[in-house]
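Heads up, the thing below is written out as structure tokens.
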Amino acid sequence: MAKTAEMSNFTFKMDKTTREQFSSLCNELGLTMSAAALALIKQAVRNQSMSFSLRDENGFTREEAAELMRRIHEVRNNEAVRHDLMET
């Protein structure tokens with residue numbers, strides 16, 4: 001008979017809207033939220049990576065958002081350099 005792995009609980013908090021959206025997605029895929037989360041965790045451990053991008057609500061990576069903020073700061077403080085387009 002196969003040995004059953006010892007199980008433990010893992011609990012975390014999320015906002016109500018995200019929970020409802022995740023629950024709806026899982027239902028559409030025929031999964032429980034627990035099964036979906038466990039599948040994502042097992043895949044991350046197996047691959048030693050996470051196959052999703054960490055982007056903000058505007059679709060920017062942390063580095064892209066920082067560069068955009070730097071450029072906005074330059075424009076607001078009249079520090080931006082104007083470049084003319086050159087046709088070749």
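Simple scheme: letters A, B, ... for chains in structure tokens order, numbers from 1 for residues in each chain, numbers from 1 for ligands in the order shown.
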For Phe12 of chain A: contacts at 12 Å, only C-alpha atoms, fewer than 5 positions along chain excluded, given as a ChimeraX atom specification = /A:19,34,37
Selection file, all heavy atoms, as a tab-separated table (two decimals), in the first residue's frame:
```tsv
chain	number	residue	atom	x	y	z
A	19	ARG	N	-10.83	37.19	-3.99
A	19	ARG	CA	-11.28	35.84	-3.62
A	19	ARG	C	-12.47	35.42	-4.49
A	19	ARG	O	-12.51	34.30	-5.00
A	19	ARG	CB	-11.68	35.78	-2.15
A	19	ARG	CG	-12.02	34.36	-1.72
A	19	ARG	CD	-12.83	34.34	-0.43
A	19	ARG	NE	-13.11	32.99	0.01
A	19	ARG	CZ	-13.99	32.17	-0.56
A	19	ARG	NH1	-14.66	32.53	-1.63
A	19	ARG	NH2	-14.19	30.95	-0.08
A	34	SER	N	-8.70	25.36	-3.40
A	34	SER	CA	-7.63	24.62	-2.75
A	34	SER	C	-6.83	23.80	-3.77
A	34	SER	O	-5.60	23.81	-3.77
A	34	SER	CB	-8.19	23.71	-1.67
A	34	SER	OG	-7.18	22.99	-1.02
A	37	ALA	N	-4.75	26.21	-6.01
A	37	ALA	CA	-3.59	26.75	-5.30
A	37	ALA	C	-2.53	25.67	-5.11
A	37	ALA	O	-1.34	25.93	-5.31
A	37	ALA	CB	-4.02	27.32	-3.95
```
task = Report the residues of chain A whose backbone DSSP state falls under helix (DSSP H, G or I), written as a PyMOL selection string.
result = chain A and resi 16-29+33-47+62-76
request  = Between A:Ser53, A:Ser23, A:Thr88, A:Thr17, single out the one closest to Ala36 of chain A, counting only C-alpha atoms.
outcome  =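 The closest residue to Ala36 of chain A is A:Ser23.
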